[in-house]
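Reproduced below: protein.txt, with compact mmCIF, C-alpha atoms.
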```
# COMPACT_ATOMS: atom_id res chain seq x y z
CA MET A 1 7.47 -1.49 -34.29
CA ARG A 2 6.99 -3.34 -31.04
CA ARG A 3 9.69 -5.80 -30.17
CA ILE A 4 8.77 -9.48 -30.35
CA LEU A 5 9.51 -11.01 -26.96
CA ARG A 6 9.48 -14.66 -27.88
CA THR A 7 10.78 -16.35 -31.00
CA VAL A 8 9.69 -19.80 -32.09
CA LEU A 9 12.49 -21.85 -33.66
CA ALA A 10 11.78 -25.44 -34.68
CA GLY A 11 8.93 -25.60 -32.20
CA VAL A 12 11.08 -24.43 -29.28
CA VAL A 13 10.14 -21.18 -27.51
CA VAL A 14 13.23 -19.15 -26.67
CA ALA A 15 12.67 -16.48 -24.01
CA ALA A 16 14.07 -13.07 -24.80
CA CYS A 17 16.89 -11.90 -22.56
CA LEU A 18 16.22 -9.24 -19.97
CA THR A 19 18.09 -6.12 -20.97
CA PRO A 20 18.05 -2.70 -19.36
CA ALA A 21 15.82 -0.12 -21.02
CA ALA A 22 18.36 2.66 -20.46
CA PRO A 23 21.80 3.11 -18.93
CA ALA A 24 21.85 1.02 -15.79
CA ALA A 25 20.52 2.81 -12.73
CA ALA A 26 21.49 2.13 -9.14
CA ALA A 27 19.96 -1.03 -7.73
CA VAL A 28 16.65 -0.55 -5.98
CA THR A 29 16.76 -0.60 -2.19
CA SER A 30 14.04 -1.31 0.33
CA GLY A 31 12.71 1.83 1.99
CA ALA A 32 9.95 4.41 2.18
CA VAL A 33 9.04 7.45 0.10
CA PHE A 34 6.63 10.19 1.16
CA ASN A 35 5.13 13.11 -0.67
CA ASP A 36 4.65 16.49 1.00
CA PRO A 37 1.64 18.42 -0.32
CA THR A 38 2.92 21.60 1.35
CA ASN A 39 6.21 21.54 -0.59
CA PRO A 40 5.98 21.81 -4.40
CA ASP A 41 9.37 20.11 -4.73
CA ARG A 42 8.10 17.04 -2.84
CA GLN A 43 4.49 16.76 -3.97
CA TYR A 44 5.26 14.20 -6.67
CA ALA A 45 7.97 12.29 -4.79
CA ILE A 46 6.03 9.01 -4.88
CA VAL A 47 5.07 9.45 -8.53
CA ASP A 48 8.67 10.26 -9.45
CA HIS A 49 9.90 7.16 -7.61
CA LEU A 50 7.46 4.98 -9.54
CA ARG A 51 8.26 6.62 -12.86
CA GLY A 52 11.92 5.84 -12.33
CA LEU A 53 11.13 2.18 -11.74
CA ILE A 54 8.94 2.06 -14.84
CA ARG A 55 11.58 3.71 -17.02
CA ASP A 56 14.27 1.31 -15.75
CA ALA A 57 12.17 -1.85 -16.19
CA ALA A 58 14.12 -4.38 -18.22
CA THR A 59 12.99 -5.45 -21.65
CA GLY A 60 11.15 -8.75 -21.28
CA SER A 61 10.25 -8.05 -17.66
CA THR A 62 6.72 -7.58 -16.32
CA ILE A 63 5.12 -4.60 -14.58
CA ARG A 64 1.88 -5.27 -12.69
CA ILE A 65 -0.22 -2.45 -11.23
CA ALA A 66 -3.46 -2.55 -9.21
CA MET A 67 -4.90 0.95 -8.83
CA TYR A 68 -8.14 2.50 -7.58
CA HIS A 69 -7.94 5.94 -9.24
CA PHE A 70 -5.67 6.58 -12.23
CA SER A 71 -5.67 9.92 -14.07
CA LEU A 72 -2.01 10.95 -14.42
CA THR A 73 -1.17 10.83 -18.13
CA ARG A 74 2.54 11.17 -17.34
CA MET A 75 2.26 7.71 -15.75
CA SER A 76 0.25 6.19 -18.59
CA ASP A 77 2.73 7.65 -21.09
CA ASP A 78 5.62 6.00 -19.23
CA LEU A 79 3.82 2.67 -19.17
CA ILE A 80 3.04 2.83 -22.88
CA ALA A 81 6.68 3.70 -23.59
CA ALA A 82 7.74 0.67 -21.51
CA TYR A 83 5.36 -1.50 -23.53
CA ASP A 84 6.76 -0.13 -26.78
CA ARG A 85 10.28 -1.16 -25.77
CA GLY A 86 9.24 -4.72 -24.91
CA VAL A 87 8.12 -4.69 -21.28
CA ASN A 88 4.99 -6.65 -20.38
CA VAL A 89 2.59 -4.16 -18.77
CA ARG A 90 -0.52 -5.38 -16.94
CA LEU A 91 -3.03 -3.31 -14.99
CA VAL A 92 -6.10 -4.02 -12.86
CA LEU A 93 -8.22 -0.90 -12.34
CA ASP A 94 -11.41 -0.03 -10.50
CA SER A 95 -14.38 0.73 -12.72
CA GLN A 96 -14.62 4.32 -11.45
CA THR A 97 -11.47 5.20 -13.38
CA ARG A 98 -12.45 3.70 -16.76
CA SER A 99 -13.31 7.01 -18.47
CA ASN A 100 -10.12 8.88 -17.51
CA GLN A 101 -7.90 9.79 -20.44
CA ALA A 102 -4.91 8.01 -18.92
CA VAL A 103 -6.92 4.78 -18.78
CA LEU A 104 -8.37 5.23 -22.26
CA ASP A 105 -4.83 5.64 -23.57
CA LEU A 106 -3.66 2.49 -21.81
CA VAL A 107 -6.58 0.42 -23.08
CA ALA A 108 -5.96 1.65 -26.63
CA ALA A 109 -2.26 0.73 -26.44
CA LEU A 110 -2.33 -2.49 -24.41
CA GLY A 111 -5.76 -3.89 -25.14
CA THR A 112 -7.86 -5.97 -22.76
CA ASN A 113 -7.07 -9.52 -23.87
CA ARG A 114 -5.40 -11.32 -20.97
CA ALA A 115 -4.13 -13.99 -23.32
CA ASN A 116 -1.59 -11.40 -24.48
CA PRO A 117 1.55 -10.44 -22.53
CA SER A 118 0.18 -6.92 -21.84
CA TRP A 119 -3.34 -5.85 -20.97
CA VAL A 120 -5.71 -3.72 -18.90
CA THR A 121 -8.52 -5.28 -16.85
CA ILE A 122 -11.25 -3.11 -15.37
CA CYS A 123 -13.34 -4.42 -12.48
CA THR A 124 -17.07 -4.96 -12.64
CA THR A 125 -19.01 -1.69 -12.64
CA ASP A 126 -20.04 -0.72 -9.10
CA ARG A 127 -18.26 -3.79 -7.72
CA ALA A 128 -14.76 -4.73 -6.69
CA CYS A 129 -12.83 -7.32 -8.67
CA ILE A 130 -13.09 -9.87 -5.83
CA GLY A 131 -15.30 -8.28 -3.17
CA ASN A 132 -19.03 -8.51 -3.86
CA LEU A 133 -20.66 -7.50 -0.58
CA ALA A 134 -22.59 -4.22 -0.20
CA THR A 135 -20.80 -1.49 -2.24
CA PRO A 136 -17.21 -2.72 -2.63
CA ILE A 137 -14.38 -1.06 -4.53
CA MET A 138 -11.04 -2.28 -5.85
CA HIS A 139 -9.13 0.05 -3.54
CA ASN A 140 -5.59 -1.24 -4.11
CA LYS A 141 -2.52 0.88 -4.84
CA PHE A 142 0.43 -1.47 -5.46
CA PHE A 143 3.12 -1.99 -8.10
CA LEU A 144 5.14 -5.09 -8.96
CA PHE A 145 8.32 -5.06 -11.07
CA SER A 146 9.82 -8.42 -11.96
CA HIS A 147 13.10 -6.74 -12.94
CA THR A 148 14.01 -3.06 -12.76
CA SER A 149 17.23 -1.11 -12.19
CA GLY A 150 19.13 -4.35 -11.87
CA SER A 151 16.90 -5.64 -9.07
CA ALA A 152 14.41 -8.51 -9.20
CA ASN A 153 11.05 -8.88 -7.46
CA VAL A 154 10.45 -5.25 -6.53
CA LEU A 155 7.21 -4.52 -4.67
CA VAL A 156 5.88 -1.02 -4.00
CA GLN A 157 2.90 -0.78 -1.65
CA SER A 158 1.41 2.72 -1.54
CA SER A 159 -1.51 4.63 -0.11
CA ALA A 160 -1.54 7.02 -3.08
CA ASN A 161 -3.81 6.93 -6.07
CA LEU A 162 -2.31 8.10 -9.36
CA THR A 163 -4.04 11.49 -9.38
CA GLY A 164 -2.99 15.10 -9.03
CA ASP A 165 -4.88 15.57 -5.76
CA ASN A 166 -3.08 12.62 -4.18
CA ALA A 167 0.20 14.40 -4.85
CA GLU A 168 -0.72 18.06 -4.37
CA ARG A 169 -3.33 17.91 -1.59
CA TYR A 170 -2.96 14.60 0.25
CA TRP A 171 -0.23 13.24 2.51
CA ASN A 172 0.68 9.75 1.23
CA ASN A 173 3.34 7.08 1.62
CA ALA A 174 4.89 4.27 -0.40
CA VAL A 175 7.19 1.51 0.79
CA THR A 176 9.47 -0.50 -1.50
CA LEU A 177 10.42 -4.06 -0.65
CA VAL A 178 13.14 -5.69 -2.76
CA GLY A 179 13.94 -9.36 -3.20
CA ASN A 180 11.46 -10.94 -0.78
CA THR A 181 10.38 -13.57 -3.27
CA ALA A 182 7.63 -15.20 -1.21
CA VAL A 183 5.88 -11.93 -0.34
CA TYR A 184 6.37 -10.62 -3.89
CA ASN A 185 4.83 -13.80 -5.29
CA SER A 186 1.89 -13.51 -2.88
CA TYR A 187 1.17 -10.13 -4.44
CA VAL A 188 1.49 -11.63 -7.94
CA ASP A 189 -1.02 -14.33 -6.99
CA TYR A 190 -3.37 -11.71 -5.57
CA PHE A 191 -2.97 -9.56 -8.69
CA ASN A 192 -3.87 -12.56 -10.86
CA ASP A 193 -6.93 -13.24 -8.72
CA LEU A 194 -8.01 -9.61 -9.05
CA ALA A 195 -7.68 -9.90 -12.83
CA ALA A 196 -9.68 -13.15 -12.88
CA GLN A 197 -12.54 -11.36 -11.06
CA VAL A 198 -13.90 -14.41 -9.27
CA LYS A 199 -16.06 -12.96 -6.49
CA ASN A 200 -15.19 -14.10 -2.98
CA ASN A 201 -16.34 -12.25 0.12
CA ASP A 202 -13.98 -14.27 2.31
CA TYR A 203 -10.83 -13.95 0.23
CA TYR A 204 -8.61 -13.14 3.24
CA ARG A 205 -5.13 -14.67 3.17
CA SER A 206 -1.60 -13.80 4.22
CA THR A 207 2.01 -14.78 3.53
CA SER A 208 4.95 -14.30 5.89
CA SER A 209 8.59 -14.42 4.82
CA GLY A 210 11.69 -12.88 6.33
CA ASN A 211 10.88 -9.48 7.82
CA ALA A 212 7.60 -9.00 5.93
CA LYS A 213 4.03 -10.29 5.84
CA SER A 214 1.30 -9.58 3.29
CA TYR A 215 -2.46 -9.48 3.93
CA PHE A 216 -5.23 -9.42 1.33
CA PHE A 217 -8.92 -8.63 1.76
CA PRO A 218 -11.97 -8.81 1.98
CA ARG A 219 -12.25 -10.84 5.16
CA ALA A 220 -15.57 -12.34 6.27
CA GLY A 221 -16.83 -11.99 9.83
CA SER A 222 -18.61 -9.56 12.09
CA GLY A 223 -16.60 -9.15 15.29
CA ALA A 224 -13.24 -8.25 16.72
CA SER A 225 -11.90 -11.80 16.41
CA THR A 226 -11.83 -11.43 12.61
CA ASP A 227 -10.48 -7.87 12.58
CA THR A 228 -6.86 -8.14 11.44
CA ILE A 229 -5.65 -4.89 13.02
CA TYR A 230 -7.42 -5.65 16.30
CA ASN A 231 -5.76 -9.06 16.39
CA MET A 232 -2.32 -7.57 15.71
CA LEU A 233 -2.72 -5.26 18.68
CA ASP A 234 -4.44 -7.77 20.94
CA GLU A 235 -2.16 -10.74 20.34
CA ASN A 236 1.21 -9.08 19.85
CA VAL A 237 1.65 -5.72 21.59
CA SER A 238 3.08 -5.48 25.10
CA CYS A 239 3.59 -2.12 26.74
CA GLU A 240 6.62 -2.36 29.02
CA GLY A 241 10.09 -3.83 29.29
CA ASN A 242 11.95 -2.12 26.44
CA THR A 243 15.46 -0.81 27.02
CA SER A 244 16.49 0.94 23.78
CA VAL A 245 13.29 2.01 21.98
CA GLY A 246 9.94 3.48 22.93
CA THR A 247 9.62 6.04 25.70
CA GLU A 248 12.36 6.97 28.13
CA THR A 249 10.81 4.54 30.59
CA GLY A 250 10.73 1.67 28.08
CA ARG A 251 7.07 1.82 27.16
CA THR A 252 5.86 0.85 23.70
CA ILE A 253 4.67 3.66 21.41
CA ILE A 254 1.90 3.12 18.86
CA ARG A 255 1.57 5.71 16.10
CA ILE A 256 -1.22 5.76 13.51
CA GLY A 257 -1.59 7.90 10.38
CA MET A 258 -5.07 7.28 9.00
CA TRP A 259 -7.48 8.84 6.56
CA TYR A 260 -10.64 7.21 7.94
CA PHE A 261 -11.00 5.53 11.36
CA SER A 262 -14.36 3.99 12.24
CA ARG A 263 -13.73 0.51 13.71
CA ASN A 264 -14.66 0.48 17.39
CA PRO A 265 -12.76 -2.74 18.27
CA ILE A 266 -9.47 -1.12 17.24
CA ALA A 267 -10.25 1.98 19.28
CA ASN A 268 -11.19 -0.14 22.32
CA LYS A 269 -7.95 -2.08 22.05
CA LEU A 270 -5.89 1.10 21.75
CA ARG A 271 -7.48 2.48 24.92
CA GLU A 272 -6.85 -0.80 26.72
CA LEU A 273 -3.20 -0.69 25.67
CA ALA A 274 -2.98 2.90 26.88
CA ASP A 275 -4.36 1.69 30.22
CA ARG A 276 -1.44 -0.76 30.26
CA LYS A 277 0.96 2.19 29.81
CA CYS A 278 1.48 2.11 26.04
CA TRP A 279 1.54 5.53 24.41
CA VAL A 280 -0.79 6.11 21.45
CA ASP A 281 -0.61 8.96 18.91
CA VAL A 282 -3.15 9.18 16.07
CA VAL A 283 -3.15 11.62 13.16
CA TYR A 284 -6.33 11.36 11.10
CA THR A 285 -8.70 13.17 8.80
CA THR A 286 -12.04 11.42 9.44
CA MET A 287 -12.99 9.67 12.67
CA ASP A 288 -16.44 8.38 13.60
CA ALA A 289 -18.02 9.76 16.76
CA ASP A 290 -17.93 6.39 18.54
CA VAL A 291 -14.20 5.98 17.92
CA ARG A 292 -13.56 9.56 19.01
CA SER A 293 -15.48 9.04 22.25
CA ILE A 294 -13.52 5.85 23.00
CA LEU A 295 -10.14 7.50 22.45
CA ASP A 296 -10.89 10.86 24.06
CA GLY A 297 -9.82 11.82 27.55
CA HIS A 298 -6.89 9.47 28.11
CA ALA A 299 -3.57 10.88 29.27
CA ARG A 300 -1.58 8.50 27.06
CA ILE A 301 -3.66 8.94 23.87
CA LYS A 302 -3.07 12.02 21.72
CA LEU A 303 -5.21 12.84 18.68
CA TYR A 304 -4.37 15.24 15.84
CA ARG A 305 -6.61 16.08 12.90
CA ILE A 306 -5.60 17.19 9.40
CA SER A 307 -8.53 18.43 7.37
CA GLY A 308 -9.55 21.07 4.87
CA ASP A 309 -7.65 21.58 1.64
CA ARG A 310 -4.92 19.14 2.71
CA ILE A 311 -5.66 15.79 4.31
CA VAL A 312 -3.78 12.73 5.50
CA HIS A 313 -4.51 9.94 3.03
CA SER A 314 -1.96 7.46 4.43
CA LYS A 315 -3.09 4.34 6.24
CA TYR A 316 -0.27 3.17 8.48
CA LEU A 317 0.46 1.80 11.93
CA LEU A 318 3.87 2.09 13.61
CA ILE A 319 4.89 0.04 16.63
CA GLU A 320 8.04 0.96 18.52
CA GLY A 321 8.62 -1.40 21.43
CA THR A 322 7.50 -4.95 22.17
CA TYR A 323 5.69 -6.90 19.43
CA ALA A 324 5.21 -10.66 19.07
CA GLY A 325 7.28 -11.21 22.19
CA GLN A 326 10.25 -9.28 20.81
CA ARG A 327 11.38 -6.30 22.88
CA ASP A 328 13.08 -3.23 21.42
CA THR A 329 11.73 -3.79 17.90
CA LYS A 330 10.22 -1.52 15.26
CA TRP A 331 7.37 -2.40 12.91
CA VAL A 332 5.38 -0.77 10.09
CA VAL A 333 1.95 -1.86 8.86
CA THR A 334 0.86 0.02 5.75
CA GLY A 335 -1.21 -0.30 2.59
CA SER A 336 -4.54 0.77 1.13
CA HIS A 337 -6.48 -0.43 4.19
CA ASN A 338 -8.32 2.27 6.17
CA TYR A 339 -9.66 1.38 9.61
CA THR A 340 -13.20 1.05 8.26
CA ASN A 341 -15.62 -1.84 7.96
CA ALA A 342 -15.61 -1.52 4.17
CA ALA A 343 -11.82 -1.96 4.03
CA LEU A 344 -12.04 -5.09 6.17
CA ARG A 345 -15.23 -6.76 4.91
CA GLU A 346 -16.03 -5.46 1.43
CA ASN A 347 -13.18 -3.99 -0.59
CA ASP A 348 -10.24 -5.45 -2.46
CA GLU A 349 -7.35 -4.22 -0.27
CA ALA A 350 -3.72 -5.10 0.43
CA MET A 351 -1.67 -4.50 3.56
CA LEU A 352 2.01 -5.09 4.27
CA ARG A 353 3.74 -5.54 7.65
CA ILE A 354 7.49 -4.98 7.82
CA GLN A 355 9.90 -5.33 10.72
CA SER A 356 12.69 -2.83 10.07
CA ALA A 357 14.19 -0.16 12.28
CA THR A 358 15.31 1.81 9.23
CA ILE A 359 11.91 1.79 7.51
CA HIS A 360 10.09 2.40 10.79
CA ASP A 361 12.21 5.47 11.48
CA GLN A 362 11.50 6.81 7.99
CA TYR A 363 7.79 6.48 8.77
CA ARG A 364 8.26 7.97 12.24
CA SER A 365 9.80 11.10 10.70
CA ASN A 366 6.84 11.34 8.34
CA PHE A 367 4.47 10.86 11.27
CA TRP A 368 6.09 13.77 13.10
CA ALA A 369 5.53 15.92 10.01
CA LEU A 370 1.87 14.84 9.92
CA ARG A 371 1.50 15.59 13.62
CA ALA A 372 3.00 19.05 13.15
CA ALA A 373 0.51 19.72 10.33
CA GLY A 374 -2.43 18.52 12.43
CA VAL A 375 -4.58 20.25 15.02
CA PRO A 376 -4.48 18.71 18.51
CA GLN A 377 -7.91 17.45 19.58
CA THR A 378 -9.05 17.96 23.16
```
Translate the structure of the given file into structure tokens.
Amino acid sequence: MRRILRTVLAGVVVAACLTPAAPAAAAVTSGAVFNDPTNPDRQYAIVDHLRGLIRDAATGSTIRIAMYHFSLTRMSDDLIAAYDRGVNVRLVLDSQTRSNQAVLDLVAALGTNRANPSWVTICTTDRACIGNLATPIMHNKFFLFSHTSGSANVLVQSSANLTGDNAERYWNNAVTLVGNTAVYNSYVDYFNDLAAQVKNNDYYRSTSSGNAKSYFFPRAGSGASTDTIYNMLDENVSCEGNTSVGTETGRTIIRIGMWYFSRNPIANKLRELADRKCWVDVVYTTMDADVRSILDGHARIKLYRISGDRIVHSKYLLIEGTYAGQRDTKWVVTGSHNYTNAALRENDEAMLRIQSATIHDQYRSNFWALRAAGVPQT
């Protein structure tokens, strides 16, 4: 019998106490997790990280998930078990995943009534939840835990869908941010807007707090001035003057791990920065011909392609050097956002920027693994 979370006594609603679901686990820490499709022991590293957070979610707490593709029944089973022990479980899912058994199980257990504490909402068929231009999708892959493992306001932003291929064939990443209340709440607000499904082709907004900043899409516009990644590079990156990070001569290094790269303004800006003596490394799976022609043939731009049975599915940007006027700094920009027009203008997408040497270096190690798995392009 499912636990009643709120008891009404003499007209007063008394909130149930948050209690651990199991023996207390170590507090959650901010940091990155990566799967490795080439290593069976690491293929499900992201999934295992998320399952641990679900299993340790406190009774009376809330789990919120926005996910493009969801087919792993081990994950749906964990979420249903959390619901059965008194955790509020809420999901927003793209319509393409509605017939998967994992989703059918969740709908049967949680229902779809958003007036209840737990529910599943599925976006409009052939539409995003918010985006309504051209052929949009709800492409998000993020997780919010109000209280898990003794930690409050835990955000996990990932590039990975909850599918077997995303673990066993695709290189993916997930970053956990703990205790940044303003950024966490910006994701909660975005999640609620996704669930409400009010169409808005200029939804774009951002929230900055501490070392992190969130960005949510779609963003209206047609040129470089309304391209968020272009603006980050154009307004913030300087190429020289570092003393402790970057190249041996103090030049800023830009590293990109990207599934699909087709936005010419970003490519043009990267080449311009290379002209200014920044170094640029890109590992990708799909790159449009125009972008390839812009980036080709520059001594300070190196391209590596991962394709075939295993692909890079991550979507991240690393900056090691001078950013926003700060020398010797390290930054990560990651999320569900590919460098495509659809990701910028049409889809429901989230992106997270973090300034952290520790997290950057975790991503840099992953980037080196991607680069080693890729084929240099000449």
_Can you tell me which residues surround Ala26 of chain A at a distance of at most 12 Å, considering only C-alpha atoms, apart from same-chain residues fewer than 5 positions away, and format the answer as a ChimeraX atom specification?_
/A:20,52-53,56,148-151
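Distance annotation: of A:His147, A:Ser71, A:Val282, A:Gln96, the residue with the minimal separation from Arg55 of chain A is A:His147; atom set is all atoms listed in the file.
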*Surrounding residues of Val333 of chain A excluding itself and chain neighbours under 2 positions, 8 Å, all atoms listed in the file, as a list in words*: Tyr316, Leu317, Leu318, Trp331, Gly335, Met351, Leu352, Arg353 and Ile354 of chain A
Selection above as a file: C-alpha atoms, as a PDB file, in the frame of the given file:
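The resulting file, out.pdb, is reproduced below:
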```pdb
ATOM      1  CA  TYR A 316      -0.270   3.170   8.480  1.00  0.00           C
ATOM      2  CA  LEU A 317       0.460   1.800  11.930  1.00  0.00           C
ATOM      3  CA  LEU A 318       3.870   2.090  13.610  1.00  0.00           C
ATOM      4  CA  TRP A 331       7.370  -2.400  12.910  1.00  0.00           C
ATOM      5  CA  GLY A 335      -1.210  -0.300   2.590  1.00  0.00           C
ATOM      6  CA  MET A 351      -1.670  -4.500   3.560  1.00  0.00           C
ATOM      7  CA  LEU A 352       2.010  -5.090   4.270  1.00  0.00           C
ATOM      8  CA  ARG A 353       3.740  -5.540   7.650  1.00  0.00           C
ATOM      9  CA  ILE A 354       7.490  -4.980   7.820  1.00  0.00           C
TER      10      ILE A 354
END
```
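One finds atom CA of Gln377 of chain A at 13.2 Å from atom CA of Val291 of chain A.
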*Which protein, DNA or RNA residues have an atom at most 8 Å from (-2.4, 14.2, 15.2), counting all atoms listed in the file? List them as a ChimeraX atom specification.*
/A:257,281-284,302-306,370-377
*Find the residues around Asn100 of chain A up to 10 Å (only C-alpha atoms counted), leave out those fewer than 2 positions away in its own chain, and share them as a PyMOL selection string.*
chain A and resi 69-73+96-98+102-105
